[in-house]
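Asker: The following file, work_18.cif, comprises mmCIF, C-alpha atoms (C1' of nucleotides):
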```
data_entry
loop_
_atom_site.label_atom_id
_atom_site.label_comp_id
_atom_site.auth_asym_id
_atom_site.auth_seq_id
_atom_site.Cartn_x
_atom_site.Cartn_y
_atom_site.Cartn_z
CA MET A 82 5.42 4.82 -11.75
CA PRO A 83 4.68 8.42 -11.85
CA GLU A 84 2.41 10.51 -14.00
CA LEU A 85 1.79 14.25 -13.86
CA PRO A 86 0.35 14.41 -10.30
CA GLU A 87 3.10 12.21 -8.89
CA VAL A 88 5.82 14.25 -10.60
CA GLN A 89 4.20 17.45 -9.34
CA ALA A 90 4.17 15.99 -5.82
CA VAL A 91 7.90 15.32 -6.11
CA VAL A 92 8.50 18.87 -7.36
CA ASN A 93 6.41 20.32 -4.53
CA HIS A 94 8.40 18.32 -2.01
CA TYR A 95 11.88 19.03 -3.42
CA LYS A 96 11.53 22.59 -4.65
CA PRO A 97 12.45 24.06 -1.24
CA VAL A 98 15.32 21.58 -0.97
CA PHE A 99 16.91 22.55 -4.30
CA LEU A 100 15.96 26.19 -4.69
CA LYS A 101 18.83 28.71 -4.40
CA GLN A 102 21.32 25.91 -3.71
CA LYS A 103 24.48 25.38 -5.73
CA ILE A 104 25.19 22.04 -7.39
CA GLU A 105 28.66 20.85 -6.48
CA ARG A 106 28.67 17.78 -8.70
CA ILE A 107 26.66 14.79 -9.85
CA SER A 108 27.81 11.24 -9.13
CA ASN A 109 26.88 7.78 -10.41
CA PRO A 110 26.81 5.45 -7.35
CA ASN A 111 25.73 2.24 -9.15
CA SER A 112 27.81 3.01 -12.29
CA TYR A 113 24.76 2.67 -14.55
CA SER A 114 25.97 5.16 -17.13
CA LYS A 115 22.92 4.88 -19.41
CA VAL A 116 21.08 7.08 -16.91
CA PHE A 117 22.89 10.06 -18.44
CA ALA A 118 20.82 10.55 -21.56
CA THR A 119 22.35 13.66 -23.11
CA HIS A 120 25.90 14.00 -21.77
CA THR A 121 28.61 11.84 -20.31
CA LEU A 122 29.01 12.39 -16.59
CA PRO A 123 32.20 14.49 -16.91
CA LYS A 124 30.57 16.75 -19.52
CA LEU A 125 27.43 16.99 -17.42
CA ASN A 126 29.47 18.07 -14.42
CA LYS A 127 31.25 20.70 -16.54
CA ASN A 128 27.83 22.15 -17.30
CA VAL A 129 26.18 21.98 -13.88
CA GLY A 130 29.13 22.11 -11.47
CA GLY A 131 29.00 25.30 -9.41
CA GLN A 132 25.67 26.31 -10.94
CA LEU A 133 22.96 27.91 -8.84
CA ILE A 134 19.49 26.33 -9.02
CA LYS A 135 17.24 29.23 -9.89
CA ASP A 136 13.91 27.43 -10.25
CA VAL A 137 12.35 23.98 -9.91
CA PHE A 138 9.28 23.03 -11.90
CA ARG A 139 7.49 20.30 -13.82
CA ARG A 140 7.04 19.98 -17.59
CA GLY A 141 5.00 16.93 -18.59
CA LYS A 142 6.46 14.15 -16.47
CA TYR A 143 9.89 15.80 -16.27
CA ILE A 144 11.27 17.43 -13.14
CA VAL A 145 13.24 20.49 -14.27
CA LEU A 146 16.02 22.13 -12.27
CA GLN A 147 16.74 25.46 -13.91
CA THR A 148 20.31 26.60 -13.40
CA GLU A 149 22.01 29.82 -14.48
CA LYS A 150 23.12 28.25 -17.78
CA GLY A 151 20.62 25.51 -18.55
CA TYR A 152 18.12 22.92 -17.47
CA LEU A 153 18.82 19.69 -15.63
CA CYS A 154 15.82 17.44 -16.26
CA ILE A 155 14.93 14.27 -14.38
CA HIS A 156 12.52 11.67 -15.74
CA LEU A 157 11.42 9.08 -13.17
CA ARG A 158 9.96 6.67 -15.77
CA MET A 159 8.60 3.63 -13.93
CA THR A 160 10.37 3.42 -10.58
CA GLY A 161 12.56 6.48 -10.12
CA GLN A 162 12.47 8.16 -6.72
CA LEU A 163 14.29 11.07 -5.15
CA GLN A 164 15.47 10.63 -1.59
CA GLU A 165 17.43 12.73 0.85
CA GLY A 166 19.23 9.72 2.29
CA LEU A 167 20.11 6.22 1.18
CA ASP A 168 22.10 3.46 2.80
CA SER A 169 25.24 2.57 0.88
CA PHE A 170 24.12 -0.95 -0.04
CA VAL A 171 20.99 0.35 -1.76
CA ALA A 172 22.96 3.20 -3.31
CA ASP A 173 25.53 0.85 -4.86
CA LYS A 174 22.77 -1.24 -6.39
CA HIS A 175 19.88 1.09 -7.23
CA CYS A 176 21.13 4.68 -7.17
CA SER A 177 21.78 5.79 -10.75
CA PHE A 178 22.79 9.31 -9.85
CA ALA A 179 23.11 11.60 -6.88
CA ILE A 180 23.13 15.39 -6.84
CA HIS A 181 25.64 16.78 -4.37
CA LEU A 182 24.91 20.32 -3.23
CA ASN A 183 27.51 22.78 -2.00
CA THR A 184 26.03 22.65 1.49
CA GLY A 185 27.08 19.00 1.75
CA LYS A 186 23.54 17.77 1.29
CA THR A 187 22.98 14.99 -1.28
CA ILE A 188 19.79 14.09 -3.13
CA TYR A 189 19.76 10.48 -4.36
CA PHE A 190 17.95 9.12 -7.40
CA LYS A 191 16.89 5.58 -6.55
CA ASP A 192 15.57 3.56 -9.48
CA TYR A 193 15.43 -0.20 -9.19
CA ARG A 194 14.35 -0.79 -12.80
CA LYS A 195 16.91 1.67 -14.19
CA PHE A 196 14.51 3.24 -16.71
CA GLY A 197 14.84 6.74 -15.23
CA ARG A 198 17.00 9.25 -17.10
CA LEU A 199 18.84 12.50 -16.46
CA TYR A 200 18.99 15.11 -19.24
CA TYR A 201 20.74 18.43 -19.59
CA TYR A 202 19.64 21.08 -22.08
CA SER A 203 20.74 24.66 -22.60
CA THR A 204 17.17 25.59 -23.52
CA LEU A 205 13.76 23.97 -23.10
CA ASP A 206 13.29 23.71 -26.86
CA THR A 207 13.94 19.96 -27.03
CA LEU A 208 11.37 19.20 -24.35
CA ASN A 209 8.85 21.61 -25.77
CA ALA A 210 9.26 20.02 -29.19
CA LYS A 211 8.27 16.58 -27.96
CA LEU A 212 5.70 17.51 -25.35
CA GLY A 213 2.20 18.75 -26.06
CA VAL A 214 0.14 21.20 -24.02
CA GLU A 215 0.03 21.20 -20.25
CA PRO A 216 -3.41 20.20 -18.94
CA PHE A 217 -3.43 23.23 -16.62
CA SER A 218 -2.47 25.75 -19.29
CA THR A 219 -4.88 28.07 -21.07
CA GLU A 220 -4.03 26.32 -24.37
CA PHE A 221 -5.69 23.20 -23.01
CA SER A 222 -9.25 23.79 -24.16
CA PHE A 223 -12.19 22.07 -25.78
CA VAL A 224 -11.06 23.47 -29.12
CA TYR A 225 -7.56 22.00 -28.69
CA VAL A 226 -8.74 18.58 -27.53
CA ALA A 227 -11.46 18.36 -30.19
CA GLY A 228 -8.85 19.36 -32.77
CA ILE A 229 -6.40 16.59 -31.96
CA LEU A 230 -9.16 13.97 -31.65
CA LYS A 231 -10.66 14.89 -34.98
CA LYS A 232 -7.35 14.32 -36.75
CA SER A 233 -6.85 10.81 -35.40
CA THR A 234 -8.41 7.61 -36.64
CA GLY A 235 -6.80 5.54 -33.87
CA MET A 236 -8.11 4.59 -30.44
CA ILE A 237 -8.59 7.34 -27.86
CA LYS A 238 -6.55 5.76 -25.06
CA PRO A 239 -3.19 5.54 -26.86
CA LEU A 240 -3.75 9.08 -28.13
CA LEU A 241 -4.21 10.39 -24.61
CA LEU A 242 -1.10 8.51 -23.50
CA ASN A 243 0.93 10.11 -26.29
CA GLN A 244 2.89 12.93 -24.66
CA LYS A 245 3.15 14.95 -27.87
CA TYR A 246 -0.54 15.88 -27.71
CA ILE A 247 -1.15 16.31 -23.99
CA ALA A 248 1.80 16.24 -21.59
CA GLY A 249 1.65 14.32 -18.35
CA LEU A 250 -1.14 11.76 -18.69
CA GLY A 251 -0.36 8.12 -18.01
CA ASN A 252 -2.20 4.87 -17.55
CA ILE A 253 -3.99 5.62 -14.28
CA TYR A 254 -5.38 9.03 -15.08
CA VAL A 255 -6.32 8.18 -18.65
CA ASP A 256 -8.47 5.31 -17.35
CA GLU A 257 -9.99 7.62 -14.74
CA ALA A 258 -10.65 10.47 -17.18
CA LEU A 259 -12.23 8.15 -19.76
CA TRP A 260 -14.49 6.71 -17.09
CA LEU A 261 -15.54 10.19 -15.99
CA ALA A 262 -16.37 11.11 -19.58
CA LYS A 263 -18.05 7.73 -20.25
CA ILE A 264 -15.79 7.02 -23.22
CA HIS A 265 -14.62 3.51 -24.15
CA PRO A 266 -10.78 3.46 -24.40
CA LYS A 267 -10.95 1.71 -27.79
CA LYS A 268 -13.33 4.26 -29.25
CA LYS A 269 -11.97 5.88 -32.40
CA SER A 270 -10.78 9.35 -31.52
CA ASN A 271 -12.55 11.06 -34.39
CA SER A 272 -15.89 9.43 -33.62
CA ILE A 273 -16.45 10.80 -30.12
CA SER A 274 -19.39 13.14 -29.61
CA LYS A 275 -18.85 16.82 -28.91
CA THR A 276 -20.62 16.45 -25.57
CA LYS A 277 -18.25 13.71 -24.43
CA VAL A 278 -15.19 15.58 -25.65
CA LYS A 279 -16.36 18.53 -23.54
CA VAL A 280 -16.69 16.35 -20.45
CA LEU A 281 -13.30 14.77 -21.16
CA THR A 282 -11.66 18.19 -21.51
CA ARG A 283 -12.92 19.18 -18.06
CA SER A 284 -12.28 15.77 -16.48
CA ILE A 285 -8.57 15.69 -17.30
CA PRO A 286 -7.46 18.76 -15.29
CA ASP A 287 -10.07 18.00 -12.63
CA ILE A 288 -8.78 14.52 -11.87
CA LEU A 289 -5.13 15.61 -12.08
CA LYS A 290 -5.75 18.52 -9.71
CA LYS A 291 -7.46 16.28 -7.15
CA ALA A 292 -4.63 13.75 -7.35
CA ILE A 293 -2.03 16.50 -6.78
CA ASP A 294 -3.94 17.58 -3.67
CA PHE A 295 -3.25 14.10 -2.27
CA ASN A 296 0.36 13.88 -3.49
CA GLY A 297 -0.52 11.43 -6.25
CA THR A 298 -1.32 7.73 -6.34
CA THR A 299 0.88 4.98 -4.95
CA ILE A 300 0.06 1.55 -6.38
CA ILE A 301 3.32 -0.30 -5.84
CA ASN A 302 6.27 1.88 -5.08
CA PHE A 303 5.79 5.54 -5.87
CA SER A 304 6.95 7.97 -3.24
CA TYR A 305 7.21 11.72 -3.65
CA GLY A 306 10.18 11.82 -1.33
CA ASN A 307 11.84 9.82 1.42
CA GLU A 308 9.56 6.77 1.02
CA VAL A 309 6.33 8.68 1.66
CA PRO A 310 3.49 7.35 -0.54
CA GLY A 311 0.78 9.37 -2.31
CA ASP A 312 -2.74 9.18 -0.88
CA PHE A 313 -4.96 9.42 -3.95
CA LYS A 314 -5.46 5.67 -4.42
CA GLN A 315 -8.58 5.67 -2.26
CA PHE A 316 -10.30 8.03 -4.72
CA LEU A 317 -9.72 6.01 -7.88
CA ASN A 318 -12.94 4.96 -9.56
CA VAL A 319 -11.76 2.28 -11.98
CA PHE A 320 -7.97 1.87 -12.02
CA GLY A 321 -6.99 -1.36 -10.28
CA LYS A 322 -10.65 -1.93 -9.35
CA GLU A 323 -11.33 -5.03 -11.43
CA GLY A 324 -14.33 -6.86 -10.02
CA SER A 325 -15.50 -4.11 -7.71
CA SER A 326 -18.59 -2.14 -8.60
CA CYS A 327 -18.77 0.97 -10.72
CA PRO A 328 -19.41 3.97 -8.44
CA ARG A 329 -21.93 5.26 -10.99
CA CYS A 330 -23.99 2.22 -12.01
CA ASN A 331 -22.89 -0.48 -9.58
CA ARG A 332 -22.01 -2.95 -12.30
CA PRO A 333 -18.61 -4.71 -12.10
CA ILE A 334 -15.45 -3.02 -13.38
CA LYS A 335 -13.63 -5.04 -16.02
CA LYS A 336 -9.94 -5.19 -16.85
CA MET A 337 -8.87 -5.43 -20.47
CA TYR A 338 -5.80 -4.62 -22.56
CA VAL A 339 -5.68 -1.65 -24.87
CA ALA A 340 -2.45 -0.96 -26.72
CA GLN A 341 -0.67 -3.46 -24.41
CA ARG A 342 -1.64 -1.45 -21.36
CA GLY A 343 -3.82 -2.76 -18.56
CA THR A 344 -7.08 -0.85 -18.88
CA HIS A 345 -9.99 -0.59 -16.50
CA ILE A 346 -13.50 0.27 -17.59
CA CYS A 347 -17.13 0.02 -16.66
CA PRO A 348 -18.48 -1.87 -19.68
CA TYR A 349 -21.93 -0.39 -19.07
CA CYS A 350 -20.95 3.27 -18.71
CA GLN A 351 -18.24 3.12 -21.39
CA ARG A 352 -19.50 1.52 -24.58
CA LEU A 353 -18.07 1.25 -28.07
"C1'" DG B 1478 10.76 -22.52 -10.76
"C1'" DA B 1479 9.21 -20.48 -15.04
"C1'" DA B 1480 6.28 -17.00 -16.89
"C1'" DA B 1481 3.65 -13.08 -16.74
"C1'" DG B 1482 2.60 -8.61 -14.76
"C1'" DT B 1483 4.11 -3.46 -13.59
"C1'" DG B 1484 2.07 3.22 -13.24
"C1'" DT B 1485 7.03 4.92 -19.18
"C1'" DT B 1486 9.18 5.94 -23.24
"C1'" DG B 1487 11.09 5.84 -27.76
"C1'" DA B 1488 13.10 2.99 -31.38
"C1'" DA B 1489 11.80 -0.29 -34.70
"C1'" DA B 1490 8.54 -2.38 -37.49
"C1'" DG B 1491 4.43 -2.41 -39.96
"C1'" DT C 201 3.36 10.01 -41.55
"C1'" DC C 202 0.88 7.41 -38.53
"C1'" DT C 203 -0.02 3.49 -35.58
"C1'" DT C 204 1.45 -0.74 -33.25
"C1'" DT C 205 4.88 -3.62 -31.06
"C1'" DC C 206 8.64 -4.38 -28.20
"C1'" DA C 207 12.78 -3.72 -25.49
"C1'" DA C 208 15.04 -1.30 -21.77
"C1'" DC C 209 15.23 -3.63 -16.28
"C1'" DA C 210 14.21 -5.74 -11.64
"C1'" DC C 211 11.16 -7.33 -8.74
"C1'" DT C 212 6.57 -9.50 -7.33
"C1'" DT C 213 2.80 -12.48 -8.25
"C1'" DT C 214 0.75 -16.44 -10.48
#
```
Render the structure in this file as structure tokens.
Answerer:
Amino acid sequence: MPELPEVQAVVNHYKPVFLKQKIERISNPNSYSKVFATHTLPKLNKNVGGQLIKDVFRRGKYIVLQTEKGYLCIHLRMTGQLQEGLDSFVADKHCSFAIHLNTGKTIYFKDYRKFGRLYYYSTLDTLNAKLGVEPFSTEFSFVYVAGILKKSTGMIKPLLLNQKYIAGLGNIYVDEALWLAKIHPKKKSNSISKTKVKVLTRSIPDILKKAIDFNGTTIINFSYGNEVPGDFKQFLNVFGKEGSSCPRCNRPIKKMYVAQRGTHICPYCQRL
DNA sequence: GAAAGTGTTGAAAG
DNA sequence: TCTTTCAACACTTT
């Protein structure tokens, strides 16, 4: 269930596969038509059929294939995976779409929970309108983060999960970043000290960068391509570590729920 | 065997 | 407008 580093790992893996290839057509092996979020399949194929893939990149948690005319955008949601091969039984059941390239090669989108979606836009305006700043961009600064926190009276964790402020963070890396900055996830956003906001601002790109270096985190079933898992799990400090000791103070990590999301904290390091 | 849990998102409800 | 809740779905764990 991929966040920014996992999506980036997928992009890094598939960019050479897609780049400078022509899309022949898109198919819908398991007939789950809801996967097509912006166009019906025939209309989608009218737009992308015969189009050259000019660039492949990530925006938030979206994988973007830039063609000559527009942008084909893939969102993996919880369980989406791209694979270069798939047996027909699995394809019939779990493959919501497949991208057939002119070379005869096919890239399959396998998604057993069917939350993943495929979008097509003529410009990136729609995505840019709903996504906030990229954590690796120059706009992502102490001033920006302090600005959005100051305006919010709600809890910090749901704010960080909200893609319209910062694009790409999800449950794992929010827990990790809050632990690094010693901030309790239920702390009111506008009540966090300047010092901690500074640490948080640095911690977010730091942790994401490290996770990308290891192709992301696989907890249950993420793979960046062809069933290969990410290797960052071993470096997590709190996520999924309930009961084990805090790497900083040795006290036990606790699991709690914040905004209906499983949340891991060190109750000593992160206090309200 | 039923119920709860899972890394996401956005629509609906408050 | 903002924040909180819940449904979309399938599989595993309790």
Asker: Which residues, written as a list of chain:residue names, have at least one atom at most 10 Å from DG1484 in chain B, with only C-alpha atoms (C1' of nucleotides) counted and residues fewer than 5 positions away on the same chain left out?
Answerer: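 Skipping anything fewer than 5 positions along the chain leaves A:Met82, A:Pro83, A:Glu84, A:Arg158, A:Met159, A:Thr160, A:Gly251, A:Asn252, A:Ile253, A:Tyr254, A:Thr298, A:Thr299, A:Ile300, A:Ile301, A:Asn302, A:Phe303, A:Gly343.
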Asker: Could you state the separation of CA of Lys279 in chain A and CA of Lys335 in chain A in Å, given to one decimal place?
Answerer: 24.9 Å
Asker: Output the residue selection produced by the PyMOL selection byres ((chain C) within 7 of (chain A)) on the file above, formatted as a list of chain:residue names.
Answerer: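 Against this file, the PyMOL selection byres ((chain C) within 7 of (chain A)) returns the residues C:DA208, C:DC209, C:DA210.
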Asker: Name the residues that the PyMOL selection byres ((chain C and resi 212) around 10) pulls out of this structure, and write them as a list in words.
Answerer: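 So the PyMOL selection byres ((chain C and resi 212) around 10), applied here, picks out Ile301 of chain A; DG1482 and DT1483 of chain B; DA210, DC211, DT213 and DT214 of chain C.
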Asker: So which residues touch Leu146 in chain A within 7 Å, counting only C-alpha atoms (C1' of nucleotides), skipping near sequence neighbours fewer than 3 positions away, as a PyMOL selection string?
Answerer: chain A and resi 134+136-138+152-154
Asker: Write out as a PyMOL selection string which residues come within 12 Å of Lys96 in chain A when counting only C-alpha atoms (C1' of nucleotides), dropping same-chain ones fewer than 5 positions away.
Answerer: chain A and resi 88-91+101-102+134-139+144-147+163+188+305-306
Asker: I'd like the interatomic distance between CA of Asn296 in chain A and CA of Phe313 in chain A, to a tenth of an Å.
Answerer: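 So the answer is 7.0 Å.
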Asker: Would you compute the box with edges along x, y and z of the file around chain B, including every atom the file lists for it and 3 Å extra on each side, and give its centre and edge lengths in Å to one decimal, as JSON?
Answerer:
```
{"center_x": 7.6, "center_y": -8.3, "center_z": -25.4, "size_x": 17.0, "size_y": 34.5, "size_z": 35.2}
```
Asker: Convert the output of the PyMOL selection byres ((chain A and resi 287-292) around 9) on the shown file into explicit residues, formatted as a ChimeraX atom specification.
Answerer: /A:85-87,216-217,250,254,257-258,283-286,293-298,311-314,316
Asker: If we count only C-alpha atoms (C1' of nucleotides) and set the cut-off at 12 Å, which residues sit around DA1488 in chain B, ignoring sequence neighbours fewer than 6 positions away in its own chain? Please answer as JSON, numbers by chain.
Answerer: {"C": [205, 206, 207, 208]}
Asker: Please identify all polymer residues lying at most 12 Å from the point (31.1, 24.4, -10.6) (file coordinates), using only C-alpha atoms (C1' of nucleotides), and present the result as a count of residues only.
Answerer: 23
Asker: Of the candidates A:Val278, A:Leu240, A:Val224, A:Ile334, which shows the shortest atom-to-atom distance to DT203 in chain C, using all atoms listed in the file?
Answerer: A:Leu240
Asker: What separation in Å, quoted to one decimal, exists between CA of Arg140 in chain A and CA of Phe320 in chain A?
Answerer: 24.2 Å
